[in-house]
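Raw protein-v9.txt, compact mmCIF, C-alpha atoms:
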# COMPACT_ATOMS: atom_id res chain seq x y z
CA MET N 1 7.87 13.81 -30.47
CA THR N 2 5.49 16.55 -29.55
CA ASN N 3 6.34 19.42 -27.29
CA GLU N 4 3.98 18.35 -24.53
CA ARG N 5 5.69 15.02 -24.13
CA TYR N 6 9.09 16.67 -23.79
CA LEU N 7 7.54 19.05 -21.33
CA PHE N 8 6.46 16.28 -18.99
CA ALA N 9 9.68 14.36 -19.43
CA ALA N 10 11.18 17.51 -17.92
CA LEU N 11 9.28 17.03 -14.64
CA PRO N 12 11.48 15.67 -11.84
CA THR N 13 11.95 11.91 -11.96
CA ILE N 14 10.19 9.87 -9.32
CA ASP N 15 12.90 7.64 -7.90
CA ASP N 16 12.87 5.04 -5.12
CA GLU N 17 13.79 7.65 -2.56
CA VAL N 18 10.74 9.78 -3.38
CA ASN N 19 8.49 6.71 -3.38
CA ARG N 20 9.84 5.52 -0.04
CA ARG N 21 9.47 8.96 1.55
CA LEU N 22 5.87 9.36 0.38
CA HIS N 23 4.96 5.80 1.36
CA ARG N 24 6.39 6.22 4.86
CA ARG N 25 4.48 9.46 5.23
CA LEU N 26 1.23 7.79 4.15
CA VAL N 27 1.72 4.93 6.60
CA ASP N 28 2.35 7.38 9.46
CA ALA N 29 -0.71 9.45 8.58
CA ALA N 30 -2.88 6.33 8.16
CA ASN N 31 -1.76 5.02 11.53
CA ALA N 32 -2.43 8.35 13.24
CA ALA N 33 -5.89 8.53 11.66
CA GLY N 34 -6.73 4.94 12.64
CA LEU N 35 -7.10 3.94 8.97
CA LEU N 36 -4.44 1.24 8.75
CA ASP N 37 -6.73 -1.79 9.09
CA VAL N 38 -4.09 -4.29 7.96
CA ALA N 39 -0.32 -3.77 8.06
CA TYR N 40 2.00 -6.32 6.49
CA ARG N 41 5.61 -7.18 5.78
CA THR N 42 7.61 -10.20 4.73
CA ILE N 43 10.45 -11.83 6.63
CA ASP N 44 13.13 -14.23 5.37
CA THR N 45 13.37 -17.49 7.31
CA PRO N 46 14.99 -20.92 6.84
CA VAL N 47 11.61 -22.12 5.49
CA GLY N 48 11.38 -19.29 2.96
CA ALA N 49 9.78 -15.85 2.96
CA LEU N 50 6.88 -15.54 5.39
CA LEU N 51 4.17 -12.93 5.00
CA LEU N 52 3.10 -11.38 8.32
CA ALA N 53 -0.07 -9.30 8.58
CA ALA N 54 -1.59 -7.59 11.61
CA THR N 55 -4.74 -5.65 12.46
CA PRO N 56 -4.68 -3.14 15.36
CA LYS N 57 -5.84 -6.11 17.50
CA GLY N 58 -2.94 -8.40 16.70
CA LEU N 59 -1.30 -10.79 14.26
CA VAL N 60 -4.01 -11.94 11.85
CA ARG N 61 -2.13 -13.88 9.15
CA VAL N 62 1.13 -15.74 8.58
CA ALA N 63 1.63 -17.25 5.12
CA TYR N 64 4.27 -19.28 3.34
CA ALA N 65 5.54 -18.25 -0.10
CA SER N 66 3.96 -21.43 -1.50
CA GLN N 67 0.57 -20.02 -0.51
CA ASP N 68 1.18 -17.03 -2.86
CA HIS N 69 1.50 -13.81 -0.88
CA ASP N 70 -0.42 -11.77 -3.47
CA LEU N 71 -3.37 -14.13 -3.21
CA VAL N 72 -3.19 -14.02 0.59
CA LEU N 73 -3.28 -10.20 0.53
CA GLU N 74 -6.28 -10.30 -1.80
CA GLY N 75 -7.97 -12.61 0.69
CA LEU N 76 -7.24 -10.18 3.53
CA ALA N 77 -8.70 -7.32 1.46
CA ARG N 78 -11.88 -9.37 1.04
CA ASP N 79 -12.17 -10.90 4.52
CA VAL N 80 -10.76 -8.16 6.79
CA SER N 81 -10.46 -4.81 4.98
CA PRO N 82 -9.00 -3.43 1.74
CA ARG N 83 -7.23 -0.73 3.79
CA ILE N 84 -3.96 -2.63 3.55
CA LEU N 85 -0.45 -1.14 3.45
CA ARG N 86 3.06 -2.52 3.62
CA ALA N 87 3.96 -1.16 7.06
CA PRO N 88 6.72 -3.09 8.81
CA ALA N 89 6.67 -1.20 12.12
CA ARG N 90 3.48 -2.87 13.40
CA LEU N 91 5.11 -6.26 12.76
CA ASP N 92 8.44 -5.49 14.45
CA GLY N 93 7.57 -7.43 17.61
CA VAL N 94 6.39 -10.59 15.88
CA ALA N 95 9.22 -10.48 13.32
CA ARG N 96 11.73 -10.38 16.19
CA GLU N 97 10.05 -13.33 17.94
CA ILE N 98 10.02 -15.38 14.73
CA GLU N 99 13.72 -14.64 14.16
CA GLU N 100 14.45 -15.74 17.73
CA TYR N 101 12.40 -18.89 17.19
CA PHE N 102 14.36 -19.87 14.07
CA ALA N 103 17.62 -19.09 15.89
CA GLY N 104 16.57 -21.59 18.57
CA ARG N 105 16.31 -18.90 21.24
CA ARG N 106 12.51 -18.84 21.61
CA ARG N 107 10.01 -21.59 22.46
CA THR N 108 6.71 -19.74 22.75
CA PHE N 109 5.21 -16.67 21.11
CA ASP N 110 3.61 -13.99 23.19
CA VAL N 111 2.41 -11.45 20.63
CA PRO N 112 -1.32 -10.59 20.58
CA LEU N 113 -3.27 -12.66 18.04
CA ASP N 114 -6.35 -11.74 16.03
CA LEU N 115 -8.12 -15.04 15.28
CA ARG N 116 -10.94 -13.50 13.22
CA LEU N 117 -10.06 -15.58 10.13
CA SER N 118 -10.88 -18.81 11.92
CA HIS N 119 -14.42 -19.69 12.99
CA GLY N 120 -16.37 -22.21 15.02
CA PHE N 121 -14.85 -25.61 15.69
CA ARG N 122 -11.72 -24.81 13.67
CA ARG N 123 -11.04 -21.91 15.99
CA THR N 124 -11.59 -24.16 19.01
CA ILE N 125 -9.04 -26.60 17.61
CA LEU N 126 -6.51 -23.81 16.98
CA SER N 127 -6.94 -22.50 20.51
CA HIS N 128 -5.82 -25.92 21.83
CA LEU N 129 -2.69 -26.17 19.67
CA PRO N 130 -0.42 -24.09 21.95
CA GLU N 131 -0.99 -26.80 24.60
CA ILE N 132 1.36 -29.02 22.57
CA GLY N 133 4.68 -27.85 23.94
CA TYR N 134 7.81 -26.95 21.98
CA GLY N 135 9.54 -30.09 20.73
CA LYS N 136 6.46 -32.27 21.32
CA THR N 137 3.93 -33.67 18.85
CA ALA N 138 0.31 -34.78 19.17
CA SER N 139 -1.97 -36.75 16.87
CA TYR N 140 -4.99 -35.28 15.08
CA ALA N 141 -7.09 -37.67 17.22
CA ALA N 142 -5.56 -36.35 20.45
CA ILE N 143 -6.25 -32.76 19.40
CA ALA N 144 -9.87 -33.60 18.52
CA LYS N 145 -10.23 -35.17 21.94
CA ALA N 146 -8.66 -32.18 23.71
CA ALA N 147 -11.17 -29.94 21.91
CA GLY N 148 -14.01 -32.04 23.33
CA HIS N 149 -14.96 -33.87 20.11
CA PRO N 150 -12.96 -37.12 20.01
CA LYS N 151 -14.66 -38.23 16.77
CA ALA N 152 -13.86 -35.00 14.90
CA VAL N 153 -10.45 -36.19 13.70
CA ARG N 154 -10.97 -35.05 10.10
CA ALA N 155 -12.23 -31.68 11.32
CA ALA N 156 -9.07 -31.35 13.39
CA GLY N 157 -7.09 -32.04 10.23
CA SER N 158 -8.93 -29.41 8.22
CA ALA N 159 -8.56 -26.89 11.07
CA CYS N 160 -4.79 -27.37 10.87
CA ALA N 161 -4.86 -27.20 7.07
CA SER N 162 -6.63 -23.83 7.22
CA ASN N 163 -4.62 -22.39 10.12
CA PRO N 164 -4.26 -18.65 9.31
CA LEU N 165 -1.30 -18.38 11.70
CA PRO N 166 1.15 -21.21 10.96
CA VAL N 167 4.46 -21.29 12.90
CA VAL N 168 3.00 -19.04 15.62
CA VAL N 169 -0.02 -21.31 16.25
CA PRO N 170 1.86 -24.63 16.12
CA CYS N 171 -0.17 -26.81 13.77
CA HIS N 172 3.17 -28.27 12.64
CA ARG N 173 3.22 -30.24 15.92
CA VAL N 174 0.14 -32.22 14.93
CA VAL N 175 1.04 -35.52 13.23
CA ARG N 176 -0.73 -38.69 12.21
CA SER N 177 -1.58 -41.39 14.76
CA ASP N 178 0.68 -43.89 12.95
CA GLY N 179 3.64 -41.61 13.59
CA THR N 180 4.05 -40.33 10.02
CA ILE N 181 4.38 -36.60 9.63
CA GLY N 182 1.12 -35.82 7.80
CA GLN N 183 0.22 -32.77 5.73
CA TYR N 184 1.15 -29.12 6.36
CA VAL N 185 0.02 -25.71 5.04
CA GLY N 186 3.63 -24.84 4.22
CA GLY N 187 4.44 -28.23 2.71
CA VAL N 188 5.86 -31.34 4.35
CA ASP N 189 9.48 -30.12 4.04
CA ALA N 190 8.70 -27.01 6.08
CA LYS N 191 6.91 -29.12 8.70
CA ARG N 192 9.91 -31.43 8.97
CA ALA N 193 12.26 -28.42 9.22
CA LEU N 194 10.26 -26.92 12.11
CA LEU N 195 10.06 -30.23 13.98
CA THR N 196 13.80 -30.79 13.46
CA LEU N 197 14.53 -27.28 14.72
CA GLU N 198 12.48 -28.05 17.84
CA GLY N 199 14.27 -31.38 18.28
CA ALA N 200 11.07 -33.37 17.85
CA ALA N 201 12.03 -35.23 14.67
CA MET R 1 -14.67 -9.00 -7.36
CA SER R 2 -13.37 -7.61 -4.10
CA PRO R 3 -11.17 -4.50 -4.18
CA PRO R 4 -7.41 -5.03 -4.41
CA PRO R 5 -5.28 -4.22 -1.34
CA PHE R 6 -4.76 -0.45 -1.12
CA GLU R 7 -1.00 -0.99 -1.31
CA GLU R 8 -1.49 -1.95 -4.98
CA LEU R 9 -3.18 1.39 -5.70
CA VAL R 10 -0.26 3.30 -4.20
CA ALA R 11 2.25 1.33 -6.28
CA GLU R 12 0.26 1.57 -9.49
CA HIS R 13 -1.06 5.13 -9.35
CA GLY R 14 1.23 6.90 -6.85
CA PRO R 15 3.68 8.21 -9.50
CA THR R 16 0.89 9.53 -11.77
CA VAL R 17 -0.80 11.32 -8.89
CA LEU R 18 2.53 12.86 -7.85
CA ARG R 19 3.18 14.11 -11.40
CA VAL R 20 -0.29 15.67 -11.42
CA CYS R 21 0.30 17.35 -8.05
CA ARG R 22 3.67 18.64 -9.27
CA ALA R 23 2.30 20.02 -12.54
CA VAL R 24 -0.63 21.74 -10.83
CA LEU R 25 1.05 22.91 -7.60
CA GLY R 26 4.79 23.00 -8.21
CA PRO R 27 7.54 21.76 -5.94
CA ALA R 28 6.49 23.40 -2.67
CA ASP R 29 3.12 21.73 -2.03
CA ALA R 30 3.08 18.71 -4.38
CA GLU R 31 4.06 16.09 -1.81
CA ASP R 32 1.63 17.49 0.79
CA ALA R 33 -1.20 17.24 -1.73
CA TRP R 34 -0.12 13.70 -2.70
CA SER R 35 -0.22 12.59 0.95
CA GLU R 36 -3.61 14.20 1.55
CA THR R 37 -4.96 12.57 -1.61
CA PHE R 38 -3.94 9.05 -0.65
CA LEU R 39 -5.03 9.44 2.97
CA ALA R 40 -8.49 10.60 1.84
CA ALA R 41 -8.60 7.76 -0.69
CA LEU R 42 -7.63 5.19 1.97
CA ASP R 43 -10.47 6.48 4.15
CA ALA R 44 -13.07 6.27 1.38
CA TYR R 45 -11.73 3.11 -0.31
CA PRO R 46 -14.02 0.50 1.33
CA ARG R 47 -17.03 2.52 0.10
CA LEU R 48 -15.81 2.83 -3.50
CA ARG R 49 -18.23 1.18 -5.93
CA PRO R 50 -16.88 -2.00 -7.56
CA ASN R 51 -15.48 -1.58 -11.10
CA SER R 52 -14.86 2.15 -10.57
CA ASN R 53 -12.11 3.78 -12.64
CA ILE R 54 -9.56 4.00 -9.84
CA GLU R 55 -7.20 6.34 -11.69
CA ALA R 56 -9.98 8.85 -12.43
CA TRP R 57 -11.17 8.57 -8.83
CA LEU R 58 -7.67 9.31 -7.46
CA VAL R 59 -7.10 12.20 -9.90
CA THR R 60 -10.45 13.69 -8.85
CA ILE R 61 -9.40 13.57 -5.20
CA ALA R 62 -5.98 15.03 -6.10
CA HIS R 63 -7.75 17.81 -8.04
CA ARG R 64 -9.69 18.81 -4.90
CA LYS R 65 -6.69 18.56 -2.58
CA ALA R 66 -4.63 20.70 -4.97
CA LEU R 67 -7.46 23.27 -5.08
CA ASP R 68 -7.30 23.48 -1.26
CA HIS R 69 -3.63 24.38 -1.56
CA VAL R 70 -4.23 26.96 -4.29
CA ARG R 71 -6.89 28.62 -2.13
CA ALA R 72 -4.73 28.49 1.00
CA ARG R 73 -1.92 30.13 -0.95
CA SER R 74 -4.12 32.98 -2.07
CA ARG R 75 -5.05 33.60 1.57
CA ARG R 76 -1.46 33.42 2.78
CA PRO R 77 -0.13 36.86 3.81
CA ILE R 78 2.70 38.20 1.70
CA LEU R 79 5.67 38.97 3.90
CA THR R 80 7.52 42.02 2.71
CA ASP R 81 10.17 42.28 5.39
CA LYS R 82 11.77 38.95 4.63
CA LEU R 83 12.47 37.25 1.34
CA PRO R 84 11.75 33.52 1.21
CA GLU R 85 14.67 31.14 1.20
CA PRO R 86 15.55 30.07 -2.32
CA LEU R 87 14.17 26.59 -2.94
CA ALA R 88 16.73 23.82 -3.21
CA TYR R 89 15.11 22.13 -6.20
CA GLU R 90 16.61 24.33 -8.88
CA GLY R 91 19.25 22.66 -10.98
CA SER R 92 19.62 19.76 -8.54
CA PRO R 93 19.77 16.28 -10.09
CA GLY R 94 16.37 14.64 -10.03
CA GLY R 95 14.96 18.06 -9.23
CA TRP R 96 13.06 20.52 -11.34
CA GLU R 97 14.46 21.73 -14.61
CA SER R 98 14.95 25.43 -14.29
CA GLY R 99 12.14 27.44 -15.82
CA LEU R 100 9.59 24.62 -15.98
CA TRP R 101 7.58 25.45 -12.89
CA GLU R 102 7.85 29.18 -13.59
CA ALA R 103 6.31 28.54 -17.03
CA LEU R 104 3.56 26.30 -15.62
CA GLU R 105 2.82 28.65 -12.73
CA ALA R 106 2.31 31.56 -15.15
CA LEU R 107 -0.59 29.70 -16.80
CA PRO R 108 -4.16 30.14 -15.58
CA LEU R 109 -4.98 27.33 -13.12
CA LYS R 110 -7.51 25.71 -15.42
CA GLN R 111 -4.98 25.42 -18.25
CA ARG R 112 -2.49 23.78 -15.87
CA GLN R 113 -5.16 21.33 -14.67
CA THR R 114 -6.44 20.37 -18.13
CA ILE R 115 -2.90 19.92 -19.46
CA ALA R 116 -2.01 17.72 -16.48
CA TYR R 117 -5.10 15.52 -16.67
CA HIS R 118 -5.10 15.15 -20.46
CA TYR R 119 -1.41 14.98 -21.34
CA LEU R 120 0.07 13.63 -18.12
CA VAL R 121 -2.63 11.18 -17.06
CA GLY R 122 -3.91 10.52 -20.56
CA MET R 123 -7.57 11.21 -19.77
CA PRO R 124 -9.97 11.96 -22.63
CA TYR R 125 -11.37 15.50 -22.56
CA VAL R 126 -14.83 14.26 -21.64
CA GLN R 127 -13.37 12.96 -18.38
CA VAL R 128 -11.19 16.05 -17.88
CA ALA R 129 -14.32 18.21 -18.20
CA GLN R 130 -16.07 16.16 -15.53
CA ILE R 131 -13.26 16.96 -13.11
CA VAL R 132 -12.60 20.63 -13.88
CA GLY R 133 -16.22 21.52 -14.75
CA GLY R 134 -17.49 23.10 -17.95
CA SER R 135 -17.80 21.53 -21.37
CA GLN R 136 -15.54 19.08 -23.12
CA ASP R 137 -14.74 21.75 -25.75
CA ALA R 138 -13.84 24.28 -23.10
CA ALA R 139 -11.45 21.75 -21.51
CA ARG R 140 -9.89 21.04 -24.92
CA ARG R 141 -9.45 24.78 -25.58
CA ALA R 142 -7.91 25.43 -22.17
CA ALA R 143 -5.33 22.67 -22.72
CA ALA R 144 -4.56 23.86 -26.26
CA ASP R 145 -4.13 27.48 -25.12
CA GLY R 146 -1.88 26.34 -22.29
CA ILE R 147 0.31 24.24 -24.57
CA ALA R 148 0.56 27.15 -27.06
CA THR R 149 1.80 29.43 -24.28
CA LEU R 150 4.26 26.84 -23.02
CA ARG R 151 5.80 26.53 -26.47
CA LYS R 152 6.91 30.14 -26.00
CA THR R 153 7.63 30.20 -22.27
CA PHE R 154 9.34 26.82 -21.99
CA PRO R 155 11.03 26.46 -25.39
CA LYS R 156 13.55 24.04 -23.89
CA GLY R 157 11.05 21.29 -24.49
CA GLU R 158 11.35 21.68 -28.27
CA SER R 159 15.10 21.97 -28.56
CA ARG R 160 15.84 18.63 -26.93
Let me see whether you can do it: turn the structure in this file into structure tokens.
Amino acid sequence: MTNERYLFAALPTIDDEVNRRLHRRLVDAANAAGLLDVAYRTIDTPVGALLLAATPKGLVRVAYASQDHDLVLEGLARDVSPRILRAPARLDGVAREIEEYFAGRRRTFDVPLDLRLSHGFRRTILSHLPEIGYGKTASYAAIAKAAGHPKAVRAAGSACASNPLPVVVPCHRVVRSDGTIGQYVGGVDAKRALLTLEGAA
Amino acid sequence: MSPPPFEELVAEHGPTVLRVCRAVLGPADAEDAWSETFLAALDAYPRLRPNSNIEAWLVTIAHRKALDHVRARSRRPILTDKLPEPLAYEGSPGGWESGLWEALEALPLKQRQTIAYHYLVGMPYVQVAQIVGGSQDAARRAAADGIATLRKTFPKGESR
């Protein structure tokens, strides 16, 4: 091996502690400079790891592991901003509320939301979902009606299917008119688990 | 294609940029320069042209941030009434091998830079020359002269 390669092998190793220290410092500096457009973290729950992402305005994305967190982050880079860092502190409040929810100690979420990833009628639909109370369900038809477009049942379904904030915006409480559980962004098992937790199934 | 999340850049290129900052600046200012590099990169990132060479872009920013430190050092007053505290890095595990920074620091700045960018990052001399200025041959000579000196001043490298 040549001398120059030995030389640089002699530089201090860059271990996890160094990486963590530098990363924390970057996050702090980015926050202070107003450059942290999207902060994210993951949280372990009974329905698997959830990705949580927030802009300075509020929670902008919740995603199930089955949705592929790397893909979701790429989507955020494209649709919100590429200035994205793993920065748990901004998500502390929502992570605590989600933990309380899964422990059965919380029925509503009161963290600020950033609904910029949902547009038009889909956003209107999502804004009506919190009206379905904890432990209750409503049909896609009922939600379409509540949003002022009783015939837009399919649109209500696709609004739920593209909900950027599952769990927190309760699309899991929307079921089919015949009483069957219907589809869910996190998979039917996750939907059933949430409804069981809430005592609705 | 849209740019990857900045977090990926930190994970992928953070260690290389830190090694560059260490080789050019030594233990005292390396982490400051690293932080300034990535903060400046985060700021400019949305304006970076698609398909840019991200590593070369980050090393170019690190080069400028390190230069700021070199210049600030040369302006810093030399205190004669009080000796600086000995740095804790020497001989500590995961720290600097004794004699390495002293050998690097004794080199002219340009030799340190060209060695770091060519041998540490793996950049071709044409790219190194774009960052440090001057011709490709001049960059190659600076690195070769630096390595020749290091063979004498940091012989440890050869014995291992």
Do you know which residues lie at most 12 Å from (2.4, -39.0, 14.6), with coordinates as in the file and only C-alpha atoms counted, and could you write them as a PyMOL selection string?
-> chain N and resi 136-143+172-183+195+200-201
Using only C-alpha atoms, find the residues of chain R whose closest atom to chain N is at most 10 Å away, then write them as a VMD selection string.
-> chain R and resid 1 to 11 14 to 16 18 to 19 22 to 23 26 to 27 31 to 32 34 to 46 89 92 to 98 100 to 101 115 to 116 119 to 120 147 to 148 150 to 151 154 to 160
What gap, in Å, lies between CA of Thr114 (chain R) and CA of Ala139 (chain R)?
-> 6.2 Å
Write out as a PyMOL selection string the residues lying within 12 Å of Ser127 (chain N), counting only C-alpha atoms and excluding same-chain residues fewer than 6 positions away.
-> chain N and resi 113-115+118-121+143-144+146-147+156+159-160+163+165+168-171
Which polymer residues have any atom within 12 Å of an atom of Ile43 (chain N), counting only C-alpha atoms, with same-chain residues fewer than 4 positions away left out, as a list in words?
->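 Counting only C-alpha atoms, the residues come to Val47, Gly48, Ala49, Leu50, Leu51, Leu52, Ala53, Val62, Ala63, Tyr64, Ala65, His69, Pro88, Leu91, Asp92, Val94, Ala95, Arg96, Glu97, Ile98, Glu99 and Phe102 of chain N.
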Take CA of Thr196 (chain N) and CA of His128 (chain N) and report the distance between them in Å, one decimal.
->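 Separating CA of Thr196 (chain N) from CA of His128 (chain N) is a distance of 21.9 Å.
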Two-atom distance - CA of Ala190 (chain N), CA of Val111 (chain N) (Å) | 22.2 Å
What residues have an atom no more than 6 Å from (-4.9, 12.8, -10.0) in the file's own frame, counting all atoms listed in the file, and can you write them as a ChimeraX atom specification?
-> /R:17,20,58-60,62
Using C-alpha atoms, can you export the residues from the last selection as a PDB file, keeping the file's coordinate frame?
ATOM      1  CA  VAL R  17      -0.800  11.320  -8.890  1.00  0.00           C
ATOM      2  CA  VAL R  20      -0.290  15.670 -11.420  1.00  0.00           C
ATOM      3  CA  LEU R  58      -7.670   9.310  -7.460  1.00  0.00           C
ATOM      4  CA  VAL R  59      -7.100  12.200  -9.900  1.00  0.00           C
ATOM      5  CA  THR R  60     -10.450  13.690  -8.850  1.00  0.00           C
ATOM      6  CA  ALA R  62      -5.980  15.030  -6.100  1.00  0.00           C
TER       7      ALA R  62
END
Selection: 10 Å around region 69-78 of chain R, all atoms listed in the file, excl. self and same-chain fewer than 5 positions, as a list of chain:residue names =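 Using all atoms listed in the file, the neighbours found are R:Val24, R:Leu25, R:Asp29, R:Ala30, R:Asp32, R:Ala33, R:Arg64, R:Leu83, R:Leu109.
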Serialized selection, C-alpha atoms, as a compact mmCIF listing (two decimals), in the frame of the given file:
# COMPACT_ATOMS: atom_id res chain seq x y z
CA VAL R 24 -0.63 21.74 -10.83
CA LEU R 25 1.05 22.91 -7.60
CA ASP R 29 3.12 21.73 -2.03
CA ALA R 30 3.08 18.71 -4.38
CA ASP R 32 1.63 17.49 0.79
CA ALA R 33 -1.20 17.24 -1.73
CA ARG R 64 -9.69 18.81 -4.90
CA LEU R 83 12.47 37.25 1.34
CA LEU R 109 -4.98 27.33 -13.12
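Take the candidates N:Arg90, N:Arg116, N:Arg20, N:Arg123 and check each one against Ser158 (chain N) using only C-alpha atoms; the shortest distance goes to N:Arg123.
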Can region 35-43 of chain R be brought up to all heavy atoms and written out as an mmCIF file, keeping the file's coordinate frame?
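out_29.cif, written as the output of this step:
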data_model
loop_
_atom_site.group_PDB
_atom_site.id
_atom_site.type_symbol
_atom_site.label_atom_id
_atom_site.label_comp_id
_atom_site.auth_asym_id
_atom_site.auth_seq_id
_atom_site.Cartn_x
_atom_site.Cartn_y
_atom_site.Cartn_z
ATOM 1 N N SER R 35 0.074 13.291 -0.301
ATOM 2 C CA SER R 35 -0.220 12.590 0.950
ATOM 3 C C SER R 35 -1.679 12.748 1.345
ATOM 4 O O SER R 35 -2.332 11.784 1.761
ATOM 5 C CB SER R 35 0.667 13.121 2.076
ATOM 6 O OG SER R 35 2.021 12.911 1.759
ATOM 7 N N GLU R 36 -2.196 13.961 1.207
ATOM 8 C CA GLU R 36 -3.610 14.200 1.550
ATOM 9 C C GLU R 36 -4.535 13.423 0.626
ATOM 10 O O GLU R 36 -5.569 12.905 1.063
ATOM 11 C CB GLU R 36 -3.907 15.703 1.464
ATOM 12 C CG GLU R 36 -3.244 16.508 2.581
ATOM 13 C CD GLU R 36 -2.951 17.959 2.179
ATOM 14 O OE1 GLU R 36 -3.513 18.418 1.157
ATOM 15 O OE2 GLU R 36 -2.153 18.611 2.868
ATOM 16 N N THR R 37 -4.149 13.313 -0.637
ATOM 17 C CA THR R 37 -4.960 12.570 -1.610
ATOM 18 C C THR R 37 -5.053 11.097 -1.221
ATOM 19 O O THR R 37 -6.148 10.524 -1.152
ATOM 20 C CB THR R 37 -4.335 12.681 -3.024
ATOM 21 O OG1 THR R 37 -4.353 14.045 -3.417
ATOM 22 C CG2 THR R 37 -5.104 11.838 -4.038
ATOM 23 N N PHE R 38 -3.910 10.482 -0.947
ATOM 24 C CA PHE R 38 -3.940 9.050 -0.650
ATOM 25 C C PHE R 38 -4.532 8.748 0.720
ATOM 26 O O PHE R 38 -5.151 7.695 0.911
ATOM 27 C CB PHE R 38 -2.548 8.425 -0.827
ATOM 28 C CG PHE R 38 -2.298 8.048 -2.260
ATOM 29 C CD1 PHE R 38 -1.660 8.919 -3.122
ATOM 30 C CD2 PHE R 38 -2.758 6.847 -2.764
ATOM 31 C CE1 PHE R 38 -1.472 8.589 -4.457
ATOM 32 C CE2 PHE R 38 -2.582 6.501 -4.099
ATOM 33 C CZ PHE R 38 -1.931 7.376 -4.950
ATOM 34 N N LEU R 39 -4.388 9.664 1.673
ATOM 35 C CA LEU R 39 -5.030 9.440 2.970
ATOM 36 C C LEU R 39 -6.550 9.499 2.827
ATOM 37 O O LEU R 39 -7.270 8.644 3.363
ATOM 38 C CB LEU R 39 -4.541 10.466 4.008
ATOM 39 C CG LEU R 39 -5.003 10.183 5.434
ATOM 40 C CD1 LEU R 39 -4.393 8.886 5.964
ATOM 41 C CD2 LEU R 39 -4.657 11.346 6.368
ATOM 42 N N ALA R 40 -7.042 10.485 2.076
ATOM 43 C CA ALA R 40 -8.490 10.600 1.840
ATOM 44 C C ALA R 40 -8.999 9.384 1.064
ATOM 45 O O ALA R 40 -10.084 8.857 1.338
ATOM 46 C CB ALA R 40 -8.800 11.885 1.084
ATOM 47 N N ALA R 41 -8.203 8.921 0.094
ATOM 48 C CA ALA R 41 -8.600 7.760 -0.690
ATOM 49 C C ALA R 41 -8.649 6.497 0.172
ATOM 50 O O ALA R 41 -9.578 5.690 0.061
ATOM 51 C CB ALA R 41 -7.632 7.557 -1.860
ATOM 52 N N LEU R 42 -7.660 6.355 1.063
ATOM 53 C CA LEU R 42 -7.630 5.190 1.970
ATOM 54 C C LEU R 42 -8.890 5.173 2.838
ATOM 55 O O LEU R 42 -9.509 4.129 3.040
ATOM 56 C CB LEU R 42 -6.374 5.258 2.850
ATOM 57 C CG LEU R 42 -6.189 4.131 3.867
ATOM 58 C CD1 LEU R 42 -5.956 2.794 3.174
ATOM 59 C CD2 LEU R 42 -5.016 4.444 4.809
ATOM 60 N N ASP R 43 -9.275 6.352 3.315
ATOM 61 C CA ASP R 43 -10.470 6.480 4.150
ATOM 62 C C ASP R 43 -11.714 6.028 3.381
ATOM 63 O O ASP R 43 -12.518 5.243 3.866
ATOM 64 C CB ASP R 43 -10.590 7.940 4.611
ATOM 65 C CG ASP R 43 -11.649 8.122 5.688
ATOM 66 O OD1 ASP R 43 -12.260 7.114 6.103
ATOM 67 O OD2 ASP R 43 -11.877 9.278 6.113
#
